[in-house]
>>> print(open('work.cif').read())   # mmCIF, C-alpha atoms
data_final
loop_
_atom_site.group_PDB
_atom_site.id
_atom_site.type_symbol
_atom_site.label_atom_id
_atom_site.label_comp_id
_atom_site.auth_asym_id
_atom_site.auth_seq_id
_atom_site.Cartn_x
_atom_site.Cartn_y
_atom_site.Cartn_z
ATOM 1 C CA GLU O 1 202.539 68.056 143.698
ATOM 2 C CA ILE O 2 205.758 69.584 142.364
ATOM 3 C CA ARG O 3 207.395 72.449 144.208
ATOM 4 C CA LEU O 4 210.109 74.488 142.516
ATOM 5 C CA SER O 5 213.148 75.953 144.267
ATOM 6 C CA LEU O 6 216.013 77.892 142.693
ATOM 7 C CA VAL O 7 219.643 77.034 143.543
ATOM 8 C CA GLY O 8 222.958 77.935 141.972
ATOM 9 C CA SER O 9 221.795 81.468 141.198
ATOM 10 C CA GLU O 10 222.111 83.262 144.541
ATOM 11 C CA MET O 11 223.075 86.557 142.929
ATOM 12 C CA CYS O 12 219.881 86.499 140.910
ATOM 13 C CA ILE O 13 217.709 86.001 143.987
ATOM 14 C CA ARG O 14 219.585 88.583 146.013
ATOM 15 C CA ASP O 15 219.295 91.199 143.278
ATOM 16 C CA SER O 16 215.605 90.519 142.813
ATOM 17 C CA ASN O 17 214.770 91.056 146.482
ATOM 18 C CA THR O 18 212.060 88.454 146.196
ATOM 19 C CA ASN O 19 211.534 84.796 146.954
ATOM 20 C CA SER O 20 209.228 84.411 143.965
ATOM 21 C CA TYR O 21 210.539 81.833 141.506
ATOM 22 C CA SER O 22 209.087 83.610 138.453
ATOM 23 C CA ALA O 23 210.424 86.987 139.541
ATOM 24 C CA ALA O 24 213.865 85.520 140.246
ATOM 25 C CA ILE O 25 214.011 83.832 136.843
ATOM 26 C CA ARG O 26 212.902 86.980 135.042
ATOM 27 C CA ARG O 27 215.416 89.086 136.988
ATOM 28 C CA TYR O 28 218.212 86.670 136.143
ATOM 29 C CA ALA O 29 217.262 86.757 132.453
ATOM 30 C CA GLU O 30 217.196 90.556 132.401
ATOM 31 C CA LEU O 31 220.583 90.856 134.125
ATOM 32 C CA TYR O 32 222.604 88.118 132.458
ATOM 33 C CA VAL O 33 220.919 86.376 129.521
ATOM 34 C CA LYS O 34 221.570 87.808 126.063
ATOM 35 C CA SER O 35 218.612 89.734 124.710
ATOM 36 C CA GLU O 36 218.007 87.294 121.839
ATOM 37 C CA TYR O 37 217.703 84.422 124.335
ATOM 38 C CA GLN O 38 215.695 86.148 127.056
ATOM 39 C CA ASP O 39 212.182 85.400 125.765
ATOM 40 C CA SER O 40 212.898 81.717 125.114
ATOM 41 C CA PHE O 41 214.723 81.394 128.462
ATOM 42 C CA ILE O 42 211.780 82.844 130.402
ATOM 43 C CA ARG O 43 209.306 80.783 128.379
ATOM 44 C CA GLU O 44 211.168 77.489 128.834
ATOM 45 C CA THR O 45 211.709 78.054 132.572
ATOM 46 C CA ASN O 46 208.107 79.062 133.162
ATOM 47 C CA ARG O 47 206.886 77.491 136.421
ATOM 48 C CA GLU O 48 203.689 75.972 135.015
ATOM 49 C CA LYS O 49 205.455 74.683 131.911
ATOM 50 C CA LEU O 50 208.206 73.058 133.978
ATOM 51 C CA MET O 51 205.674 71.489 136.358
ATOM 52 C CA ALA O 52 203.793 69.965 133.418
ATOM 53 C CA TYR O 53 207.054 68.698 131.883
ATOM 54 C CA LEU O 54 208.421 67.261 135.129
ATOM 55 C CA ASP O 55 205.145 65.510 135.759
ATOM 56 C CA LYS O 56 206.209 63.114 132.960
ATOM 57 C CA HIS O 57 210.014 63.438 133.014
ATOM 58 C CA ASP O 58 212.753 63.497 135.645
ATOM 59 C CA THR O 59 215.148 65.991 134.060
ATOM 60 C CA ARG O 60 215.140 69.017 131.779
ATOM 61 C CA THR O 61 218.040 70.917 130.176
ATOM 62 C CA ILE O 62 217.920 74.340 128.534
ATOM 63 C CA LYS O 63 220.823 75.927 126.648
ATOM 64 C CA TYR O 64 221.310 79.680 126.434
ATOM 65 C CA GLU O 65 223.965 82.381 126.197
ATOM 66 C CA THR O 66 224.789 85.213 128.560
ATOM 67 C CA GLU O 67 226.770 88.387 128.271
ATOM 68 C CA PRO O 68 230.434 87.635 129.136
ATOM 69 C CA ASN O 69 230.936 87.575 132.901
ATOM 70 C CA ALA O 70 234.130 88.272 134.858
ATOM 71 C CA ASP O 71 235.549 84.936 133.696
ATOM 72 C CA ALA O 72 234.520 85.587 130.067
ATOM 73 C CA GLN O 73 231.942 82.768 130.263
ATOM 74 C CA THR O 74 229.000 82.998 127.865
ATOM 75 C CA ASN O 75 227.525 79.542 127.196
ATOM 76 C CA PHE O 76 225.372 78.040 129.938
ATOM 77 C CA VAL O 77 222.940 75.207 130.502
ATOM 78 C CA VAL O 78 220.093 75.092 133.003
ATOM 79 C CA TYR O 79 219.698 71.651 134.570
ATOM 80 C CA ILE O 80 216.334 70.925 136.186
ATOM 81 C CA VAL O 81 216.172 67.707 138.192
ATOM 82 C CA LYS O 82 213.064 66.328 139.913
ATOM 83 C CA VAL O 83 213.779 64.824 143.353
ATOM 84 C CA ASP O 84 211.681 63.305 146.116
ATOM 85 C CA ASP O 85 211.675 65.510 149.230
ATOM 86 C CA GLY O 86 210.903 62.516 151.432
ATOM 87 C CA SER O 87 207.340 63.519 152.230
ATOM 88 C CA GLY O 88 205.659 62.111 149.167
ATOM 89 C CA HIS O 89 206.109 65.322 147.221
ATOM 90 C CA HIS O 90 208.620 66.234 144.531
ATOM 91 C CA MET O 91 210.928 69.206 144.323
ATOM 92 C CA ALA O 92 212.664 70.522 141.204
ATOM 93 C CA ILE O 93 216.256 71.599 141.756
ATOM 94 C CA ILE O 94 217.577 74.044 139.178
ATOM 95 C CA GLY O 95 221.302 74.485 138.603
ATOM 96 C CA PHE O 96 223.360 76.523 136.172
ATOM 97 C CA ARG O 97 226.532 75.282 134.498
ATOM 98 C CA CYS O 98 228.992 76.909 132.109
ATOM 99 C CA VAL O 99 229.520 74.793 128.981
ATOM 100 C CA ASP O 100 231.992 77.020 127.115
ATOM 101 C CA GLU O 101 234.526 74.198 126.822
ATOM 102 C CA MET O 102 231.880 71.802 125.540
ATOM 103 C CA VAL O 103 230.721 74.348 122.953
ATOM 104 C CA ARG O 104 234.325 74.974 121.893
ATOM 105 C CA GLN O 105 234.918 71.241 121.411
ATOM 106 C CA GLU O 106 231.683 70.894 119.446
ATOM 107 C CA GLU O 107 232.703 73.787 117.179
ATOM 108 C CA GLU O 108 236.145 72.251 116.611
ATOM 109 C CA GLN O 109 234.561 68.888 115.853
ATOM 110 C CA LYS O 110 232.145 70.568 113.453
ATOM 111 C CA LYS O 111 235.045 72.265 111.660
ATOM 112 C CA CYS O 112 236.882 68.939 111.409
ATOM 113 C CA LEU O 113 233.785 67.255 109.994
ATOM 114 C CA GLU O 114 233.273 70.075 107.505
ATOM 115 C CA ALA O 115 236.922 69.812 106.429
ATOM 116 C CA ALA O 116 236.598 66.034 106.068
ATOM 117 C CA LEU O 117 233.403 66.477 104.038
ATOM 118 C CA ALA O 118 235.096 69.019 101.761
ATOM 119 C CA GLU O 119 238.038 66.632 101.302
ATOM 120 C CA ALA O 120 235.665 63.756 100.506
ATOM 121 C CA LYS O 121 233.806 65.885 97.945
ATOM 122 C CA LYS O 122 237.132 66.868 96.391
ATOM 123 C CA ALA O 123 238.172 63.215 96.200
ATOM 124 C CA ASN O 124 234.824 62.235 94.652
ATOM 125 C CA ALA O 125 235.171 65.001 92.070
ATOM 126 C CA ALA O 126 238.665 63.735 91.217
ATOM 127 C CA LYS O 127 237.306 60.198 90.903
ATOM 128 C CA SER O 128 234.508 61.344 88.613
ATOM 129 C CA MET O 129 236.977 63.201 86.390
ATOM 130 C CA PHE O 130 239.305 60.200 86.347
ATOM 131 C CA LEU O 131 236.497 57.793 85.420
ATOM 132 C CA SER O 132 235.290 60.158 82.720
ATOM 133 C CA ARG O 133 238.733 60.303 81.139
ATOM 134 C CA MET O 134 239.360 56.586 81.555
ATOM 135 C CA SER O 135 236.018 55.712 79.968
ATOM 136 C CA HIS O 136 237.095 57.675 76.906
ATOM 137 C CA ASP O 137 240.488 55.929 76.861
ATOM 138 C CA ILE O 138 238.774 52.541 77.196
ATOM 139 C CA ARG O 139 236.260 53.218 74.428
ATOM 140 C CA THR O 140 238.990 54.096 71.935
ATOM 141 C CA PRO O 141 240.725 50.665 71.750
ATOM 142 C CA LEU O 142 237.398 48.888 72.251
ATOM 143 C CA ASN O 143 235.837 50.665 69.280
ATOM 144 C CA GLY O 144 238.962 49.843 67.286
ATOM 145 C CA ILE O 145 238.652 46.140 68.122
ATOM 146 C CA ILE O 146 234.958 46.130 67.196
ATOM 147 C CA GLY O 147 235.700 47.919 63.919
ATOM 148 C CA LEU O 148 238.440 45.456 62.999
ATOM 149 C CA ILE O 149 236.157 42.497 63.751
ATOM 150 C CA GLU O 150 233.444 43.966 61.522
ATOM 151 C CA LEU O 151 235.989 44.504 58.722
ATOM 152 C CA ASN O 152 237.080 40.882 58.985
ATOM 153 C CA GLU O 153 233.468 39.744 58.786
ATOM 154 C CA ARG O 154 232.928 41.739 55.593
ATOM 155 C CA HIS O 155 236.227 40.592 54.034
ATOM 156 C CA ALA O 156 236.505 37.053 55.351
ATOM 157 C CA ASP O 157 237.949 35.868 52.022
ATOM 158 C CA ASP O 158 240.865 38.356 52.176
ATOM 159 C CA ARG O 159 243.311 36.349 54.247
ATOM 160 C CA LYS O 160 246.005 39.029 54.319
ATOM 161 C CA LEU O 161 243.618 41.755 55.484
ATOM 162 C CA VAL O 162 242.122 39.469 58.132
ATOM 163 C CA GLU O 163 245.583 38.664 59.544
ATOM 164 C CA GLU O 164 246.582 42.354 59.576
ATOM 165 C CA ASN O 165 243.348 43.297 61.347
ATOM 166 C CA TYR O 166 243.848 40.438 63.790
ATOM 167 C CA ALA O 167 247.308 41.766 64.682
ATOM 168 C CA LYS O 168 245.939 45.303 65.130
ATOM 169 C CA ALA O 169 243.078 44.013 67.276
ATOM 170 C CA LYS O 170 245.549 42.118 69.437
ATOM 171 C CA VAL O 171 247.588 45.300 70.042
ATOM 172 C CA ALA O 172 244.424 47.234 70.912
ATOM 173 C CA ALA O 173 243.300 44.438 73.249
ATOM 174 C CA HIS O 174 246.625 44.495 75.103
ATOM 175 C CA HIS O 175 246.350 48.279 75.439
ATOM 176 C CA LEU O 176 242.832 47.902 76.801
ATOM 177 C CA LEU O 177 244.010 45.272 79.289
ATOM 178 C CA SER O 178 246.799 47.608 80.418
ATOM 179 C CA LEU O 179 244.273 50.366 81.074
ATOM 180 C CA LEU O 180 242.047 48.026 83.085
ATOM 181 C CA ASN O 181 245.026 46.863 85.132
ATOM 182 C CA ASP O 182 245.906 50.490 85.890
ATOM 183 C CA ILE O 183 242.359 51.098 87.100
ATOM 184 C CA LEU O 184 242.545 48.063 89.373
ATOM 185 C CA GLU O 185 245.865 49.241 90.828
ATOM 186 C CA ILE O 186 244.421 52.695 91.526
ATOM 187 C CA SER O 187 241.445 51.026 93.192
ATOM 188 C CA LYS O 188 243.844 49.106 95.450
ATOM 189 C CA LEU O 189 245.568 52.350 96.388
ATOM 190 C CA ASP O 190 242.227 53.945 97.233
ATOM 191 C CA ASP O 191 241.314 50.975 99.444
ATOM 192 C CA GLN O 192 244.818 50.933 100.977
ATOM 193 C CA ASN O 193 245.040 47.322 99.834
ATOM 194 C CA ILE O 194 248.410 47.337 98.119
ATOM 195 C CA SER O 195 251.877 46.407 99.346
ATOM 196 C CA LEU O 196 254.966 48.350 98.325
ATOM 197 C CA ALA O 197 258.206 46.553 97.415
ATOM 198 C CA HIS O 198 261.596 48.249 97.881
ATOM 199 C CA GLU O 199 263.808 46.778 95.179
ATOM 200 C CA PRO O 200 266.053 48.039 92.347
ATOM 201 C CA PHE O 201 264.587 48.448 88.844
ATOM 202 C CA ASN O 202 265.528 49.688 85.406
ATOM 203 C CA ILE O 203 263.603 52.892 84.703
ATOM 204 C CA LEU O 204 264.155 52.482 80.956
ATOM 205 C CA GLU O 205 262.050 49.318 81.050
ATOM 206 C CA LEU O 206 259.148 51.210 82.625
ATOM 207 C CA SER O 207 259.062 54.305 80.460
ATOM 208 C CA LEU O 208 259.640 55.740 77.043
ATOM 209 C CA ILE O 209 262.726 57.663 78.187
ATOM 210 C CA HIS O 210 265.622 57.626 75.749
ATOM 211 C CA ILE O 211 269.116 58.642 76.789
ATOM 212 C CA LEU O 212 270.874 60.759 74.217
ATOM 213 C CA THR O 213 274.647 60.494 74.126
ATOM 214 C CA LEU O 214 276.168 63.778 73.143
ATOM 215 C CA PRO O 215 279.473 63.765 71.250
#
>>> encode(input="work.cif", output="structure tokens")
Amino acid sequence: EIRLSLVGSEMCIRDSNTNSYSAAIRRYAELYVKSEYQDSFIRETNREKLMAYLDKHDTRTIKYETEPNADAQTNFVVYIVKVDDGSGHHMAIIGFRCVDEMVRQEEEQKKCLEAALAEAKKANAAKSMFLSRMSHDIRTPLNGIIGLIELNERHADDRKLVEENYAKAKVAAHHLLSLLNDILEISKLDDQNISLAHEPFNILELSLIHILTLP
């Protein structure tokens, strides 16, 4: 047998002028629970439904919202705990707890996750655009190398043309290798697997910058 008693809601019982559990719950819902939560609150705290649930479980929690009270609290949880009354029977103790801080933290965490997801999508979009452009840049020298090889196959007896095409293919191959190395370096940056060296360098050796000396 499970007997239900209501604690932590003295104002509800006092206002209801009744010791009936169902009447006290309904009165509490009418006075404090937001209208959109009232039906589900009354349904989930129904005596028979709770007794059937607690026959197989030891605890039950129900979340709901109330109209702001004097402390501006609105988010609450009902905790129902089944305990042994010492006589071979069980009693369900019902308590109410404000969880505004918990809800606030969950909302902040949700916002952080949404921001992280948006940032990840933005990064993936940038990667896709980068790969699309790089694939085009890679195909260009690769197609050139393939074309030069095919020309050499068709004109194998033209030694001068073969040597010229060989030199052009070599330049294209070095350009292709440079592109692949750049991709690997970017991949290291993305994986945070690169070490930075602080040392002097000549910028003219790393770029196509030309210094013009004016008279």
>>> axis_aligned_box(input="work.cif", around="segment 29-48 of chain O", padding_each_side="5 Å", output="AutoDock Vina command-line options")
--center_x 213.1 --center_y 83.4 --center_z 129.1 --size_x 28.9 --size_y 24.9 --size_z 24.6
>>> resolve_selection(input="work.cif", expression="the PyMOL selection byres ((chain O and resi 142-144) around 10)", output="number ranges by chain")
O: 136-141, 145-150, 165, 168-169, 172-173, 175-176
>>> atom_distance(input="work.cif", atom1="atom CA of Ile186 of chain O", atom2="atom CA of Val171 of chain O")
22.9 Å
>>> closest_residue(input="work.cif", among="O:Arg47, O:Ser40, O:Val33, O:Ala92", to="Glu65 of chain O", atoms="all atoms listed in the file")
O:Val33
>>> atom_distance(input="work.cif", atom1="atom CA of Gly95 of chain O", atom2="atom CA of Ala52 of chain O")
18.8 Å
>>> closest_residue(input="work.cif", among="O:Asn46, O:Ser87, O:Ser178, O:Thr61", to="Ala23 of chain O", atoms="all atoms listed in the file")
O:Asn46
>>> atom_distance(input="work.cif", atom1="atom CA of Gln73 of chain O", atom2="atom CA of Ile25 of chain O")
19.1 Å
>>> residues_around(input="work.cif", residues="Val103 of chain O", least_positions_apart="2", cutoff="12 Å", atoms="all atoms listed in the file", output="MDAnalysis selection string")
chainID O and resid 63:65 73:77 98:101 105:110
>>> write_last_selection(input="work.cif", atoms="C-alpha atoms", output="CSV table (one decimal), keeping the file's coordinate frame")
chain,number,residue,atom,x,y,z
O,63,LYS,CA,220.8,75.9,126.6
O,64,TYR,CA,221.3,79.7,126.4
O,65,GLU,CA,224.0,82.4,126.2
O,73,GLN,CA,231.9,82.8,130.3
O,74,THR,CA,229.0,83.0,127.9
O,75,ASN,CA,227.5,79.5,127.2
O,76,PHE,CA,225.4,78.0,129.9
O,77,VAL,CA,222.9,75.2,130.5
O,98,CYS,CA,229.0,76.9,132.1
O,99,VAL,CA,229.5,74.8,129.0
O,100,ASP,CA,232.0,77.0,127.1
O,101,GLU,CA,234.5,74.2,126.8
O,105,GLN,CA,234.9,71.2,121.4
O,106,GLU,CA,231.7,70.9,119.4
O,107,GLU,CA,232.7,73.8,117.2
O,108,GLU,CA,236.1,72.3,116.6
O,109,GLN,CA,234.6,68.9,115.9
O,110,LYS,CA,232.1,70.6,113.5
>>> residues_around(input="work.cif", residues="Ile80 of chain O", least_positions_apart="5", cutoff="10 Å", atoms="only C-alpha atoms", output="VMD selection string")
chain O and resid 4 6 45 50 54 58 to 62 91 to 96
>>> write_last_selection(input="work.cif", atoms="C-alpha atoms", output="PDB file, in the coordinates of the input")
ATOM      1  CA  LEU O   4     210.109  74.488 142.516  1.00  0.00           C
ATOM      2  CA  LEU O   6     216.013  77.892 142.693  1.00  0.00           C
ATOM      3  CA  THR O  45     211.709  78.054 132.572  1.00  0.00           C
ATOM      4  CA  LEU O  50     208.206  73.058 133.978  1.00  0.00           C
ATOM      5  CA  LEU O  54     208.421  67.261 135.129  1.00  0.00           C
ATOM      6  CA  ASP O  58     212.753  63.497 135.645  1.00  0.00           C
ATOM      7  CA  THR O  59     215.148  65.991 134.060  1.00  0.00           C
ATOM      8  CA  ARG O  60     215.140  69.017 131.779  1.00  0.00           C
ATOM      9  CA  THR O  61     218.040  70.917 130.176  1.00  0.00           C
ATOM     10  CA  ILE O  62     217.920  74.340 128.534  1.00  0.00           C
ATOM     11  CA  MET O  91     210.928  69.206 144.323  1.00  0.00           C
ATOM     12  CA  ALA O  92     212.664  70.522 141.204  1.00  0.00           C
ATOM     13  CA  ILE O  93     216.256  71.599 141.756  1.00  0.00           C
ATOM     14  CA  ILE O  94     217.577  74.044 139.178  1.00  0.00           C
ATOM     15  CA  GLY O  95     221.302  74.485 138.603  1.00  0.00           C
ATOM     16  CA  PHE O  96     223.360  76.523 136.172  1.00  0.00           C
TER      17      PHE O  96
END
>>> closest_residue(input="work.cif", among="O:Arg97, O:Lys34, O:His89, O:Lys82", to="Thr66 of chain O", atoms="all atoms listed in the file")
O:Lys34
>>> closest_residue(input="work.cif", among="O:Asp84, O:Met51, O:His198, O:Met134", to="Leu180 of chain O", atoms="all atoms listed in the file")
O:Met134
>>> closest_residue(input="work.cif", among="O:Arg26, O:Leu196, O:Ser135, O:His57", to="Arg43 of chain O", atoms="all atoms listed in the file")
O:Arg26
